[in-house]
Amino acid sequence: MNKAKNKIRIAVQNKGRLMEPSLTYLKKCGLKFAENGRNLIVPCENSDVEILFVRNSDIPEYVRYSVADFGIVGKNVLMEKENNLKTVQELDFGKCSLVIAVPNNSKIKKLTDLDHERVATSYPRILKNFLKKQKVSASIIEIRGSVEICPSLGLADAIFDITQTGRTLSENGLKAILKVADSQAVLIQNPNSNLNYENLLV
Amino acid sequence: MEIIQPKILKGTREFGPSEMSKRNVVMAKIKEIFARYGYDPIETPILNPAETILGKYGEEGDRLTYNFEDNGKRRLALPYDLTVPFARYFAANWKELPLPFKRYQIQRVWRGEKPTKGRLREFYQCDIDVIGTESLIAEAEVARVIATVFEELDFGNFQIKTNSRRLMNDILRAFDAPKEKSMDVIRVIDKLAKIGEEAVIEELEKLKILNAKELLKAIKPEASTKETLQKLKQYNTSEIETLLDYCNALGVSEELIDFDPSLARGLDYYTGIIYEVVSHDNLDLGSLCAGGRYDNLCGLFCKESFSGMGVAFGFERIMIAMEERGDFDDLTLNSQILVTLFDEDSISDSLKLYRLLTDASLKTEVYFEPEKLKKQFKYADKKQIPFVVIQGPEEKQKNEVTVKSMQSGKQKTIPVSQLITYLESYEQS
């Protein structure tokens, strides 16, 4: 479906940890819209803004293709894509950290112990760049989701993943040994777009 | 039996595996870029009828051309450059070829020079040409190809110097250098960087150019292209302006393409835009790529005349610059993995691992004798193989395998089923 003229489209998660706070944020901007959760494109009742509900990792792509003017996405997703999208502002919700975690009884205590080991992650690019800078060699096993079970399955010796409260880690017998980066929700925009953030506000 | 000295001729070179690995990396990159812009490769014969090659490069060139009589008493010659063989090829085949015709050619050429440092009797040339169009888009495209090559080979600080022969002739006319003299004058101006302004003025005066000083002032580049063009506005600069517009649209910015009205290039077959590439980090190497527009290169081989545009990359100079920068320091030979033989009994199991790894297209070799592991590791070290794979009886029993990093000495034992992924996903830092 082509974007109607003069419509401003913003892409948000259709499910996942950022969906609820993203909608709360849009409401705070003054936007009114129905939350039936079935339509992929939801027009706002009181402005020219349309909300596009898509998969988390596709949000940067939609903004890059200019089919969405803005997007709300985790900084972690953005970093992994390494594209030239413009971060309009940091949104102060969805805060989490990207950490390296190992089983509680692991011999791996510090970063250099990772050398020659297997690390499972959904963020291979961020991890690769980080390890390169730190001069640590490792095998980076790419897994799409539920990375935290890899060590207990014997598939990896460590994981590199996001953590918010640390609960998922401890439930899987893991502990973080190093924080690599902080992340939070960010509002992104195509660098060629001439819209302003104010266009979203009612 | 007398032993023959295993020597090679002076002025020729040979390349061992480590040199070839470097050359192949650069060659593959350059070819990939040529292909990206729609250039296709051709190759022409090394052995040619002498008349194909002789008589095209002046007296000096003929003297330097390898030519000899073969067993059938025919006069043969080896290529002196790739331009003449290309002109002959095009003249013989143009009716069947798509026009304009874009080709690249990377081959050895031969010159019977007295060999000195950097002057060989046998060396590679690396040319691209577009023939059969007068469009300045060809010039702009070639500039873009040049920029891509030097950017992607990490030359941070290079410039494509450009000028127009048409413009140069226009200026020379204004300084009373008639057409028949203009080539001599251009050859003198070409020596500007080499012998300096005063010597050039002296030689120009010998050629009866009266206001040589004024001429040099006129062709001296100003601080910016805009100012240079402004200074030359009484002449026809539209060709340069169009070229710069096209280049700009192709992302070859003004910092990369430098209009220098004093750029001459000694060869007489150029008729329009000319190029010369210098790297400011390697000024001692001279030009790394050069060429230009020609109008009748094939004239000696066919009646029709075709306009074309081409440049030659100085492959050996590019190699020297990259070597000096240490660009090849991390380059290894082909093998990335050595499968060791633990003992006589495990040879078949090791061969199976070898097959598994090569089936996954991992560059692997197997050791040939079940010798002490230490000796096998030494072989890996000498060939700079980063990984060694070991499967002793204990590992075999658990269907596991040990991977040793030759760099850190660390070992990791993993299930055989994970071996391929482990090695494929390994990021060496």
# chains A, B, ... in the order shown; residues from 1 in each chain; ligands from 1
call {"tool": "interface_residues", "arguments": {"of": "chain B", "to": "chain A", "cutoff": "10 Å", "atoms": "only C-alpha atoms", "output": "list in words"}}
result
Val403, Lys404, Ser405, Gln407, Ser408, Gly409, Lys410, Gln411, Lys412, Thr413, Ile414, Pro415, Gln418, Thr421, Tyr422, Leu423, Glu424, Ser425, Tyr426, Glu427, Gln428 and Ser429 of chain B
call {"tool": "residues_around", "arguments": {"residues": "Cys126 of chain B", "least_positions_apart": "6", "cutoff": "6 Å", "atoms": "only C-alpha atoms", "output": "list of chain:residue names"}}
result
B:Gln105, B:Ile106, B:Ala312, B:Phe313
call {"tool": "residues_around", "arguments": {"residues": "Asn56 of chain A", "least_positions_apart": "3", "cutoff": "9 Å", "atoms": "only C-alpha atoms", "output": "ChimeraX atom specification"}}
result
/A:12-16,18,59-60,72-74,77
call {"tool": "atom_distance", "arguments": {"atom1": "atom CA of Lys220 of chain B", "atom2": "atom CA of Glu151 of chain B"}}
result
27.6 Å
call {"tool": "atom_distance", "arguments": {"atom1": "atom CA of Glu239 of chain B", "atom2": "atom CA of Ala264 of chain B"}}
result
16.2 Å
call {"tool": "residues_around", "arguments": {"residues": "Ser18 of chain B", "least_positions_apart": "3", "cutoff": "12 Å", "atoms": "only C-alpha atoms", "output": "MDAnalysis selection string"}}
result
chainID B and resid 14:15 21:25 328:335 382:384
call {"tool": "residues_around", "arguments": {"residues": "segment 35-51 of chain A", "least_positions_apart": "2", "cutoff": "8 Å", "atoms": "only C-alpha atoms", "output": "PyMOL selection string"}}
result
chain A and resi 6-12+14+31-33+53-54+200+202
call {"tool": "write_last_selection", "arguments": {"atoms": "all heavy atoms", "output": "short mmCIF file (atom, residue, chain, number, x, y, z; two decimals), in the first residue's frame"}}
result
data_model
loop_
_atom_site.label_atom_id
_atom_site.label_comp_id
_atom_site.auth_asym_id
_atom_site.auth_seq_id
_atom_site.Cartn_x
_atom_site.Cartn_y
_atom_site.Cartn_z
N ASN A 6 1.14 13.54 2.18
CA ASN A 6 1.02 14.31 3.42
C ASN A 6 0.85 13.46 4.67
O ASN A 6 0.68 13.98 5.75
CB ASN A 6 -0.14 15.32 3.36
CG ASN A 6 0.02 16.23 2.17
OD1 ASN A 6 1.14 16.60 1.84
ND2 ASN A 6 -1.09 16.54 1.51
N LYS A 7 0.85 12.15 4.49
CA LYS A 7 0.79 11.29 5.67
C LYS A 7 2.22 11.13 6.21
O LYS A 7 3.17 11.06 5.45
CB LYS A 7 0.23 9.91 5.31
CG LYS A 7 -1.26 9.91 5.04
CD LYS A 7 -2.01 9.78 6.34
CE LYS A 7 -3.52 9.72 6.07
NZ LYS A 7 -4.30 9.90 7.29
N ILE A 8 2.29 11.06 7.53
CA ILE A 8 3.59 10.79 8.16
C ILE A 8 3.49 9.41 8.77
O ILE A 8 2.54 9.14 9.51
CB ILE A 8 3.89 11.83 9.25
CG1 ILE A 8 3.94 13.22 8.63
CG2 ILE A 8 5.19 11.50 9.97
CD1 ILE A 8 3.85 14.32 9.65
N ARG A 9 4.43 8.54 8.42
CA ARG A 9 4.31 7.18 8.92
C ARG A 9 5.43 6.88 9.92
O ARG A 9 6.58 7.21 9.69
CB ARG A 9 4.37 6.21 7.74
CG ARG A 9 3.70 4.90 8.03
CD ARG A 9 3.71 4.02 6.81
NE ARG A 9 2.55 4.17 5.96
CZ ARG A 9 2.49 3.68 4.72
NH1 ARG A 9 3.53 3.06 4.21
NH2 ARG A 9 1.40 3.81 4.02
N ILE A 10 5.04 6.23 11.02
CA ILE A 10 6.04 5.84 12.02
C ILE A 10 5.94 4.34 12.26
O ILE A 10 4.85 3.81 12.44
CB ILE A 10 5.90 6.66 13.33
CG1 ILE A 10 6.97 6.22 14.33
CG2 ILE A 10 4.50 6.56 13.94
CD1 ILE A 10 7.19 7.20 15.46
N ALA A 11 7.07 3.65 12.19
CA ALA A 11 7.09 2.19 12.37
C ALA A 11 7.41 1.85 13.82
O ALA A 11 8.36 2.40 14.39
CB ALA A 11 8.14 1.58 11.44
N VAL A 12 6.59 0.97 14.39
CA VAL A 12 6.85 0.51 15.77
C VAL A 12 6.75 -1.02 15.80
O VAL A 12 6.22 -1.64 14.88
CB VAL A 12 5.88 1.13 16.81
CG1 VAL A 12 6.02 2.64 16.84
CG2 VAL A 12 4.45 0.72 16.52
N ASN A 14 5.53 -4.71 16.38
CA ASN A 14 4.20 -5.33 16.45
C ASN A 14 4.08 -6.25 17.66
O ASN A 14 3.01 -6.62 18.09
CB ASN A 14 3.87 -6.07 15.16
CG ASN A 14 4.89 -7.15 14.85
OD1 ASN A 14 5.90 -7.30 15.54
ND2 ASN A 14 4.64 -7.91 13.80
N LEU A 31 -1.06 11.76 20.08
CA LEU A 31 -1.72 11.01 19.01
C LEU A 31 -2.83 10.12 19.57
O LEU A 31 -2.67 9.50 20.62
CB LEU A 31 -0.70 10.14 18.26
CG LEU A 31 0.44 10.91 17.59
CD1 LEU A 31 1.51 9.94 17.09
CD2 LEU A 31 -0.10 11.76 16.44
N LYS A 32 -3.96 10.09 18.85
CA LYS A 32 -5.07 9.21 19.25
C LYS A 32 -5.26 8.15 18.18
O LYS A 32 -5.35 8.46 16.99
CB LYS A 32 -6.36 10.02 19.40
CG LYS A 32 -6.37 10.85 20.66
CD LYS A 32 -7.79 11.30 21.01
CE LYS A 32 -7.78 12.06 22.30
NZ LYS A 32 -8.45 13.36 22.16
N PHE A 33 -5.31 6.88 18.58
CA PHE A 33 -5.45 5.80 17.60
C PHE A 33 -6.06 4.58 18.26
O PHE A 33 -6.01 4.42 19.48
CB PHE A 33 -4.08 5.45 17.00
CG PHE A 33 -3.01 5.23 18.03
CD1 PHE A 33 -2.80 3.97 18.59
CD2 PHE A 33 -2.22 6.30 18.47
CE1 PHE A 33 -1.83 3.78 19.54
CE2 PHE A 33 -1.24 6.11 19.43
CZ PHE A 33 -1.04 4.85 19.97
N PHE A 53 2.81 -1.26 12.17
CA PHE A 53 3.25 -2.27 13.13
C PHE A 53 4.03 -3.36 12.40
O PHE A 53 3.46 -4.08 11.57
CB PHE A 53 2.04 -2.88 13.85
CG PHE A 53 1.38 -1.93 14.80
CD1 PHE A 53 0.34 -1.10 14.40
CD2 PHE A 53 1.82 -1.85 16.12
CE1 PHE A 53 -0.25 -0.22 15.28
CE2 PHE A 53 1.23 -0.96 17.02
CZ PHE A 53 0.18 -0.15 16.59
N VAL A 54 5.32 -3.47 12.69
CA VAL A 54 6.16 -4.45 11.99
C VAL A 54 7.13 -5.15 12.94
O VAL A 54 7.26 -4.76 14.11
CB VAL A 54 6.98 -3.79 10.85
CG1 VAL A 54 6.09 -3.40 9.69
CG2 VAL A 54 7.75 -2.58 11.37
N LEU A 200 5.42 14.99 14.38
CA LEU A 200 4.73 13.88 15.05
C LEU A 200 3.78 14.39 16.14
O LEU A 200 2.84 13.71 16.53
CB LEU A 200 5.75 12.96 15.71
CG LEU A 200 6.49 11.96 14.83
CD1 LEU A 200 7.53 11.24 15.68
CD2 LEU A 200 5.53 10.97 14.20
N VAL A 202 1.03 16.47 18.31
CA VAL A 202 -0.28 17.07 18.09
C VAL A 202 -0.42 18.25 19.05
O VAL A 202 -0.17 18.11 20.22
CB VAL A 202 -1.41 16.05 18.33
CG1 VAL A 202 -2.78 16.73 18.22
CG2 VAL A 202 -1.31 14.95 17.31
#
call {"tool": "closest_residue", "arguments": {"among": "A:Cys96, A:Ile177, A:Val88, A:Leu187", "to": "Thr112 of chain A", "atoms": "only C-alpha atoms"}}
result
A:Ile177
call {"tool": "select_by_dssp", "arguments": {"residues": "segment 110-343 of chain B", "states": "helix (DSSP H, G or I)", "output": "ChimeraX atom specification"}}
result
/B:136-152,165-174,179-189,192-195,197-206,212-219,225-231,238-249,283-285,297-300,315-325
call {"tool": "residues_around", "arguments": {"residues": "Ala249 of chain B", "least_positions_apart": "4", "cutoff": "12 Å", "atoms": "only C-alpha atoms", "output": "PyMOL selection string"}}
result
chain B and resi 137+140-141+143-144+242-245+253-254
call {"tool": "write_last_selection", "arguments": {"atoms": "C-alpha atoms", "output": "mmCIF file, in the first residue's frame"}}
result
data_model
loop_
_atom_site.group_PDB
_atom_site.id
_atom_site.type_symbol
_atom_site.label_atom_id
_atom_site.label_comp_id
_atom_site.auth_asym_id
_atom_site.auth_seq_id
_atom_site.Cartn_x
_atom_site.Cartn_y
_atom_site.Cartn_z
ATOM 1 C CA ILE B 137 30.598 9.846 -20.090
ATOM 2 C CA ALA B 140 33.839 10.230 -16.399
ATOM 3 C CA GLU B 141 33.259 6.495 -16.054
ATOM 4 C CA ALA B 143 37.636 8.410 -13.678
ATOM 5 C CA ARG B 144 35.103 6.666 -11.467
ATOM 6 C CA THR B 242 31.273 18.972 -18.689
ATOM 7 C CA LEU B 243 33.710 16.306 -17.546
ATOM 8 C CA LEU B 244 33.818 17.753 -14.023
ATOM 9 C CA ASP B 245 30.004 17.877 -13.937
ATOM 10 C CA SER B 253 34.604 14.968 -6.189
ATOM 11 C CA GLU B 254 36.771 17.981 -6.866
#
call {"tool": "closest_residue", "arguments": {"among": "B:Glu369, B:Asn48, B:Glu122, B:Asp349", "to": "Glu400 of chain B", "atoms": "only C-alpha atoms"}}
result
B:Asp349
call {"tool": "atom_distance", "arguments": {"atom1": "atom CA of Leu64 of chain B", "atom2": "atom CA of Pro45 of chain B"}}
result
18.6 Å
call {"tool": "residues_around", "arguments": {"residues": "segment 375-377 of chain B", "least_positions_apart": "5", "cutoff": "8 Å", "atoms": "only C-alpha atoms", "output": "number ranges by chain"}}
result
B: 340, 367, 388, 406
call {"tool": "write_last_selection", "arguments": {"atoms": "C-alpha atoms", "output": "JSON list (two decimals), in the first residue's frame"}}
result
[["chain", "number", "residue", "atom", "x", "y", "z"],
["B", 340, "THR", "CA", 47.08, -33.90, 11.71],
["B", 367, "TYR", "CA", 49.67, -34.04, 6.93],
["B", 388, "VAL", "CA", 45.37, -27.44, 13.50],
["B", 406, "MET", "CA", 48.61, -21.83, 16.23]]
call {"tool": "closest_residue", "arguments": {"among": "B:Ala28, B:Leu285, B:Leu419, B:Ile128", "to": "Val311 of chain B", "atoms": "only C-alpha atoms"}}
result
B:Ile128
call {"tool": "select_by_dssp", "arguments": {"residues": "segment 237-301 of chain B", "states": "strand (DSSP E)", "output": "ChimeraX atom specification"}}
result
/B:257-259,270-279,289-294
call {"tool": "write_last_selection", "arguments": {"atoms": "all heavy atoms", "output": "short mmCIF file (atom, residue, chain, number, x, y, z; two decimals), in the first residue's frame"}}
result
data_model
loop_
_atom_site.label_atom_id
_atom_site.label_comp_id
_atom_site.auth_asym_id
_atom_site.auth_seq_id
_atom_site.Cartn_x
_atom_site.Cartn_y
_atom_site.Cartn_z
N ILE B 257 39.48 14.75 -8.41
CA ILE B 257 39.86 15.05 -9.79
C ILE B 257 40.37 16.48 -9.87
O ILE B 257 39.67 17.42 -9.52
CB ILE B 257 38.74 14.73 -10.81
CG1 ILE B 257 39.26 14.86 -12.25
CG2 ILE B 257 37.48 15.55 -10.59
CD1 ILE B 257 38.60 13.89 -13.19
N ASP B 258 41.62 16.61 -10.26
CA ASP B 258 42.32 17.88 -10.15
C ASP B 258 42.67 18.39 -11.55
O ASP B 258 43.50 17.81 -12.24
CB ASP B 258 43.60 17.63 -9.31
CG ASP B 258 44.42 18.89 -9.16
OD1 ASP B 258 43.82 19.98 -9.10
OD2 ASP B 258 45.66 18.77 -9.12
N PHE B 259 42.00 19.46 -11.95
CA PHE B 259 42.25 20.05 -13.28
C PHE B 259 43.57 20.80 -13.26
O PHE B 259 43.73 21.75 -12.51
CB PHE B 259 41.08 20.96 -13.64
CG PHE B 259 41.34 21.80 -14.87
CD1 PHE B 259 41.90 21.25 -16.01
CD2 PHE B 259 41.00 23.15 -14.87
CE1 PHE B 259 42.14 22.02 -17.14
CE2 PHE B 259 41.22 23.94 -15.99
CZ PHE B 259 41.80 23.37 -17.12
N TYR B 270 47.21 11.10 -28.05
CA TYR B 270 46.08 11.66 -27.28
C TYR B 270 45.47 12.86 -28.00
O TYR B 270 46.18 13.69 -28.55
CB TYR B 270 46.53 12.08 -25.89
CG TYR B 270 46.91 10.91 -25.03
CD1 TYR B 270 48.15 10.87 -24.39
CD2 TYR B 270 46.05 9.83 -24.85
CE1 TYR B 270 48.52 9.79 -23.61
CE2 TYR B 270 46.41 8.75 -24.08
CZ TYR B 270 47.65 8.73 -23.46
OH TYR B 270 48.00 7.65 -22.69
N THR B 271 44.14 12.93 -27.96
CA THR B 271 43.47 14.04 -28.67
C THR B 271 42.49 14.80 -27.80
O THR B 271 41.98 15.84 -28.21
CB THR B 271 42.69 13.49 -29.88
OG1 THR B 271 41.84 12.44 -29.42
CG2 THR B 271 43.62 12.95 -30.95
N GLY B 272 42.17 14.29 -26.62
CA GLY B 272 41.19 14.96 -25.77
C GLY B 272 41.61 14.96 -24.32
O GLY B 272 42.72 15.39 -23.98
N ILE B 273 40.72 14.46 -23.46
CA ILE B 273 41.00 14.42 -22.02
C ILE B 273 42.16 13.48 -21.73
O ILE B 273 42.25 12.40 -22.29
CB ILE B 273 39.74 13.94 -21.26
CG1 ILE B 273 38.58 14.94 -21.40
CG2 ILE B 273 40.04 13.66 -19.79
CD1 ILE B 273 38.82 16.29 -20.75
N ILE B 274 43.05 13.92 -20.85
CA ILE B 274 44.13 13.02 -20.39
C ILE B 274 44.10 12.92 -18.87
O ILE B 274 43.62 13.83 -18.18
CB ILE B 274 45.53 13.49 -20.86
CG1 ILE B 274 45.74 14.97 -20.51
CG2 ILE B 274 45.70 13.24 -22.35
CD1 ILE B 274 47.15 15.44 -20.80
N TYR B 275 44.58 11.80 -18.36
CA TYR B 275 44.59 11.53 -16.91
C TYR B 275 45.98 11.10 -16.46
O TYR B 275 46.70 10.44 -17.21
CB TYR B 275 43.65 10.37 -16.56
CG TYR B 275 42.18 10.69 -16.61
CD1 TYR B 275 41.27 9.73 -17.06
CD2 TYR B 275 41.69 11.92 -16.19
CE1 TYR B 275 39.91 9.98 -17.10
CE2 TYR B 275 40.33 12.18 -16.24
CZ TYR B 275 39.45 11.22 -16.69
OH TYR B 275 38.12 11.48 -16.73
N GLU B 276 46.27 11.43 -15.22
CA GLU B 276 47.48 10.91 -14.59
C GLU B 276 47.19 10.86 -13.09
O GLU B 276 46.77 11.85 -12.52
CB GLU B 276 48.67 11.83 -14.88
CG GLU B 276 49.99 11.23 -14.49
CD GLU B 276 51.16 12.05 -15.04
OE1 GLU B 276 51.34 12.06 -16.27
OE2 GLU B 276 51.85 12.67 -14.23
N VAL B 277 47.39 9.69 -12.49
CA VAL B 277 47.05 9.52 -11.07
C VAL B 277 48.32 9.54 -10.23
O VAL B 277 49.29 8.84 -10.54
CB VAL B 277 46.31 8.18 -10.84
CG1 VAL B 277 45.99 8.00 -9.37
CG2 VAL B 277 45.05 8.13 -11.68
N VAL B 278 48.33 10.38 -9.19
CA VAL B 278 49.45 10.35 -8.25
C VAL B 278 48.91 10.10 -6.84
O VAL B 278 47.79 10.48 -6.51
CB VAL B 278 50.25 11.69 -8.23
CG1 VAL B 278 50.99 11.87 -9.53
CG2 VAL B 278 49.35 12.87 -7.93
N SER B 279 49.71 9.41 -6.05
CA SER B 279 49.39 9.25 -4.63
C SER B 279 50.34 10.16 -3.86
O SER B 279 51.56 10.06 -4.01
CB SER B 279 49.59 7.80 -4.20
OG SER B 279 49.77 7.74 -2.81
N CYS B 289 48.75 5.49 -12.59
CA CYS B 289 47.76 5.15 -13.62
C CYS B 289 47.71 6.34 -14.56
O CYS B 289 47.82 7.48 -14.11
CB CYS B 289 46.40 4.94 -12.94
SG CYS B 289 45.03 4.71 -14.08
N ALA B 290 47.61 6.09 -15.87
CA ALA B 290 47.59 7.21 -16.79
C ALA B 290 46.97 6.79 -18.11
O ALA B 290 46.90 5.60 -18.42
CB ALA B 290 49.01 7.74 -17.03
N GLY B 291 46.50 7.78 -18.85
CA GLY B 291 45.93 7.49 -20.16
C GLY B 291 45.13 8.66 -20.67
O GLY B 291 45.28 9.79 -20.18
N GLY B 292 44.28 8.41 -21.66
CA GLY B 292 43.50 9.50 -22.20
C GLY B 292 42.69 9.11 -23.42
O GLY B 292 42.59 7.93 -23.78
N ARG B 293 42.12 10.13 -24.05
CA ARG B 293 41.27 9.98 -25.24
C ARG B 293 42.13 9.95 -26.48
O ARG B 293 43.08 10.73 -26.61
CB ARG B 293 40.29 11.16 -25.26
CG ARG B 293 39.58 11.43 -26.55
CD ARG B 293 38.51 10.44 -26.87
NE ARG B 293 37.44 10.39 -25.88
CZ ARG B 293 36.35 9.59 -26.03
NH1 ARG B 293 36.21 8.84 -27.11
NH2 ARG B 293 35.43 9.58 -25.08
N TYR B 294 41.84 9.03 -27.38
CA TYR B 294 42.55 8.96 -28.67
C TYR B 294 41.51 8.85 -29.77
O TYR B 294 40.42 8.32 -29.56
CB TYR B 294 43.50 7.76 -28.69
CG TYR B 294 42.89 6.50 -28.14
CD1 TYR B 294 42.05 5.71 -28.92
CD2 TYR B 294 43.11 6.11 -26.82
CE1 TYR B 294 41.46 4.57 -28.41
CE2 TYR B 294 42.51 4.96 -26.29
CZ TYR B 294 41.68 4.19 -27.10
OH TYR B 294 41.08 3.08 -26.59
#
call {"tool": "closest_residue", "arguments": {"among": "B:Pro79, B:Pro261, B:Gly132, B:Gly308", "to": "Glu227 of chain B", "atoms": "only C-alpha atoms"}}
result
B:Pro261
